[in-house]
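J.: Just so it is clear, I am handing over entry.cif, which has mmCIF, C-alpha atoms.
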data_upload
#
loop_
_atom_site.label_atom_id
_atom_site.label_comp_id
_atom_site.auth_asym_id
_atom_site.auth_seq_id
_atom_site.Cartn_x
_atom_site.Cartn_y
_atom_site.Cartn_z
CA MET R 791 9.04 -7.10 12.59
CA LYS R 792 5.62 -8.45 13.47
CA ASN R 793 4.21 -11.81 12.49
CA ILE R 794 1.02 -11.93 10.44
CA ASP R 795 -0.64 -14.77 12.35
CA HIS R 796 -3.54 -15.69 10.06
CA MET R 797 -1.29 -15.84 7.00
CA ALA R 798 1.65 -17.59 8.65
CA PRO R 799 0.74 -21.25 8.10
CA LEU R 800 0.19 -20.99 4.31
CA ALA R 801 3.04 -18.56 3.73
CA GLN R 802 5.48 -20.52 5.91
CA ARG R 803 4.61 -23.78 4.14
CA GLN R 804 5.55 -22.06 0.91
CA GLY R 805 8.72 -20.52 2.37
CA MET R 806 7.47 -16.93 2.20
CA PRO R 807 8.20 -14.15 4.68
CA VAL R 808 5.35 -13.11 6.95
CA GLU R 809 6.95 -10.16 8.73
CA VAL R 810 5.72 -6.58 8.79
CA PRO R 811 8.43 -3.88 8.62
CA GLU R 812 9.04 -1.83 11.72
CA GLY R 813 6.86 1.23 12.16
CA PHE R 814 3.81 -0.26 10.43
CA GLU R 815 0.68 -0.90 12.51
CA ARG R 816 -2.41 -2.86 11.54
CA LEU R 817 -5.06 -0.55 10.05
CA ASN R 818 -8.50 -0.75 11.56
CA ARG R 819 -10.29 1.02 8.75
CA GLY R 820 -11.62 0.12 5.38
CA SER R 821 -14.40 -2.16 4.25
CA PRO R 822 -15.14 -5.85 4.74
CA PHE R 823 -13.86 -6.31 1.17
CA VAL R 824 -10.49 -4.82 2.12
CA GLU R 825 -10.30 -7.27 5.03
CA LEU R 826 -10.59 -10.12 2.52
CA VAL R 827 -7.51 -8.96 0.59
CA GLY R 828 -5.48 -7.64 3.54
CA PRO R 829 -4.55 -7.20 6.21
CA LEU R 830 -3.31 -3.68 5.56
CA TYR R 831 -0.79 -1.82 7.68
CA GLY R 832 -0.09 1.89 7.97
CA LYS R 833 2.87 4.01 8.96
CA ARG R 834 2.30 7.68 9.70
CA ILE R 835 4.74 9.99 8.00
CA ASP R 836 3.30 12.99 9.81
CA GLY R 837 -0.10 14.02 11.13
CA ARG R 838 -1.75 14.04 7.70
CA ASN R 839 0.23 11.54 5.59
CA ILE R 840 0.39 7.76 5.73
CA VAL R 841 2.14 4.95 3.87
CA ILE R 842 0.01 1.83 3.55
CA GLY R 843 1.56 -1.59 3.12
CA MET R 844 0.76 -5.25 2.87
CA ARG R 845 2.58 -8.53 2.47
CA ALA R 846 1.50 -10.27 -0.74
CA GLY R 847 0.76 -13.91 -0.11
CA PRO R 848 0.24 -16.97 -2.26
CA GLN R 849 -3.51 -16.28 -2.24
CA HIS R 850 -2.79 -13.05 -4.16
CA ALA R 851 -1.12 -14.77 -7.14
CA ASN R 852 -2.52 -14.98 -10.65
CA VAL R 853 -2.09 -18.01 -12.93
CA LYS R 854 1.43 -16.82 -13.86
CA GLY R 855 2.52 -16.79 -10.21
CA LEU R 856 2.69 -12.99 -10.05
CA VAL R 857 0.65 -10.77 -7.74
CA HIS R 858 -2.73 -10.27 -9.42
CA GLY R 859 -3.29 -6.85 -10.98
CA GLY R 860 -6.69 -6.65 -9.29
CA LEU R 861 -5.00 -6.80 -5.90
CA MET R 862 -2.64 -3.99 -6.87
CA LEU R 863 -5.57 -1.88 -8.11
CA THR R 864 -7.45 -2.54 -4.88
CA LEU R 865 -4.43 -1.53 -2.79
CA ALA R 866 -3.93 1.69 -4.78
CA ASP R 867 -7.63 2.63 -4.64
CA THR R 868 -7.85 1.88 -0.92
CA ALA R 869 -4.64 3.77 -0.11
CA LEU R 870 -5.79 6.81 -2.07
CA GLY R 871 -9.16 6.83 -0.32
CA ILE R 872 -7.68 6.42 3.16
CA ALA R 873 -4.96 9.02 2.63
CA ILE R 874 -7.38 11.60 1.20
CA THR R 875 -9.90 10.96 3.98
CA ILE R 876 -7.22 11.45 6.66
CA ALA R 877 -5.93 14.63 5.00
CA ASN R 878 -9.50 15.92 4.62
CA ASP R 879 -10.36 15.75 8.33
CA GLU R 880 -12.04 12.33 8.00
CA VAL R 881 -14.63 13.46 5.43
CA PRO R 882 -15.62 10.20 3.67
CA MET R 883 -14.59 10.06 0.01
CA VAL R 884 -15.59 7.75 -2.85
CA THR R 885 -13.73 6.93 -6.06
CA VAL R 886 -14.89 8.80 -9.16
CA ASN R 887 -12.06 7.81 -11.49
CA LEU R 888 -8.95 5.66 -11.20
CA SER R 889 -6.35 5.42 -13.96
CA THR R 890 -3.44 3.02 -13.57
CA ASP R 891 -0.21 2.02 -15.25
CA PHE R 892 1.47 -1.26 -14.39
CA VAL R 893 5.22 -0.66 -14.43
CA GLU R 894 6.63 -3.90 -13.00
CA SER R 895 5.44 -7.12 -11.41
CA ALA R 896 5.21 -8.05 -7.75
CA HIS R 897 5.60 -11.56 -6.38
CA PRO R 898 4.01 -13.43 -3.51
CA GLY R 899 6.12 -12.73 -0.45
CA ASP R 900 6.83 -9.11 -1.48
CA TRP R 901 6.09 -6.27 0.93
CA ILE R 902 4.12 -3.76 -1.16
CA GLU R 903 3.88 -0.13 -0.04
CA ALA R 904 1.42 2.47 -1.30
CA HIS R 905 2.76 6.04 -1.26
CA VAL R 906 0.12 8.72 -1.89
CA ASP R 907 0.81 12.20 -3.23
CA ILE R 908 -2.26 14.41 -2.78
CA GLN R 909 -2.49 17.07 -5.49
CA ARG R 910 -5.57 19.00 -4.38
CA ILE R 911 -8.53 18.65 -2.06
CA GLY R 912 -11.45 20.90 -2.92
CA ALA R 913 -14.94 21.29 -1.50
CA ARG R 914 -16.31 18.33 -3.51
CA LEU R 915 -13.40 16.68 -5.34
CA ALA R 916 -9.91 15.51 -4.44
CA PHE R 917 -7.07 14.58 -6.80
CA ALA R 918 -4.12 12.37 -5.92
CA ASN R 919 -1.49 9.97 -7.25
CA CYS R 920 -0.43 6.68 -5.71
CA TYR R 921 2.76 4.77 -6.33
CA LEU R 922 3.04 1.12 -5.32
CA MET R 923 6.59 0.24 -4.35
CA VAL R 924 8.49 -3.00 -3.77
CA ASP R 925 12.04 -2.68 -2.44
CA GLY R 926 12.22 0.94 -3.62
CA ARG R 927 11.00 0.12 -7.15
CA ARG R 928 7.78 1.58 -8.54
CA ILE R 929 5.53 -1.22 -9.72
CA LEU R 930 2.30 0.72 -10.32
CA ARG R 931 1.22 4.32 -10.79
CA ALA R 932 -2.37 5.32 -10.16
CA SER R 933 -4.11 8.65 -10.55
CA GLY R 934 -7.40 9.07 -8.75
CA VAL R 935 -10.27 11.50 -8.46
CA PHE R 936 -12.44 11.21 -5.36
CA ALA R 937 -15.69 12.91 -4.38
CA ALA R 938 -16.95 13.83 -0.95
CA LYS R 939 -19.56 11.26 -0.01
CA GLY R 940 -23.01 12.77 0.25
CA LYS R 941 -26.63 11.87 -0.08
CA SER R 942 -27.70 11.12 -3.63
CA ARG R 943 -30.41 13.22 -5.21
CA LYS R 944 -33.34 11.61 -6.95
CA ALA R 945 -34.21 13.01 -10.37
#
Please go through the file and, once you have read it, give me the structure as structure tokens.

T.:
Amino acid sequence: MKNIDHMAPLAQRQGMPVEVPEGFERLNRGSPFVELVGPLYGKRIDGRNIVIGMRAGPQHANVKGLVHGGLMLTLADTALGIAITIANDEVPMVTVNLSTDFVESAHPGDWIEAHVDIQRIGARLAFANCYLMVDGRRILRASGVFAAKGKSRKA
């Protein structure tokens, strides 16, 4: 397992794990916003599929001490977009719709994985589901629709 250097001091002071499971590599894609909530790590399943993971830290907790739902939504949305973009030969995609169901909680210190199941990629739209997992348990289900990024037309 790898050490997450920038998170280590805070997480270690609070007795939380900072390791990254074997096979996951730091992702160098996404937006500056994603960098604020990450880092994110990816593990290729094959040439066109990827599992994206992150270690939830104390900075990701809500007032109840659970991982904030906004972080889980961000992870699901980001994982869907990255997975669809990879599967669609790197054509940039943007979120059109994202529906989510929170199934269970996650806690600071948990390793959260995003598993994406692409349903269909068409010429303009793509449809996929994402399941966030902690220790083999589904904690969130998201269904997304993404559009190929193009120039906007003025009316």

J.: Env of R:Leu856: 9 Å cut, atoms = only C-alpha atoms, seq-sep filter 3 positions within chain, self excluded. Answer as a list in words.

T.: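 Once the nearby chain positions are removed, what remains is His850, Ala851, Asn852, Val853, Gly859, Ser895, Ala896, His897 and Pro898 of chain R.
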
J.: So, with all atoms listed in the file as the atoms that count, which of R:Gln849, R:Thr875, R:Met844, R:Ser933 lies closest to R:Leu888?

T.: R:Ser933

J.: Given only C-alpha atoms as the basis, pick out the residue of R:Ile908, R:Ala866, R:Ile874, R:Ile902 nearest to R:Ala846.

T.: R:Ile902

J.: Please report the interatomic distance between atom CA of R:Ala937 and atom CA of R:Ile872 in Å with one decimal.

T.: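 Calculated distance between atom CA of R:Ala937 and atom CA of R:Ile872 is 12.8 Å.
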
J.: Rounded to one decimal in Å, what is the spacing between atom CA of R:Phe814 and atom CA of R:Thr885?

T.: 25.1 Å

J.: Name the residues in contact with stretch 917-921 of chain R at a cut-off of 9 Å, using only C-alpha atoms, excluding same-chain residues fewer than 5 positions from it; report them as a compact mmCIF listing (two decimals) with C-alpha atoms, in the coordinates of the input.

T.:
# COMPACT_ATOMS: atom_id res chain seq x y z
CA ALA R 866 -3.93 1.69 -4.78
CA ASP R 867 -7.63 2.63 -4.64
CA ALA R 869 -4.64 3.77 -0.11
CA LEU R 870 -5.79 6.81 -2.07
CA ILE R 874 -7.38 11.60 1.20
CA GLU R 903 3.88 -0.13 -0.04
CA ALA R 904 1.42 2.47 -1.30
CA HIS R 905 2.76 6.04 -1.26
CA VAL R 906 0.12 8.72 -1.89
CA ASP R 907 0.81 12.20 -3.23
CA ILE R 908 -2.26 14.41 -2.78
CA GLN R 909 -2.49 17.07 -5.49
CA ARG R 910 -5.57 19.00 -4.38
CA ILE R 911 -8.53 18.65 -2.06
CA GLY R 912 -11.45 20.90 -2.92
CA ARG R 928 7.78 1.58 -8.54
CA ILE R 929 5.53 -1.22 -9.72
CA LEU R 930 2.30 0.72 -10.32
CA ARG R 931 1.22 4.32 -10.79
CA ALA R 932 -2.37 5.32 -10.16
CA SER R 933 -4.11 8.65 -10.55
CA GLY R 934 -7.40 9.07 -8.75
CA VAL R 935 -10.27 11.50 -8.46
CA PHE R 936 -12.44 11.21 -5.36

J.: What is the distance between atom CA of R:Met862 and atom CA of R:Ala913, in Å to one decimal?

T.: 28.6 Å
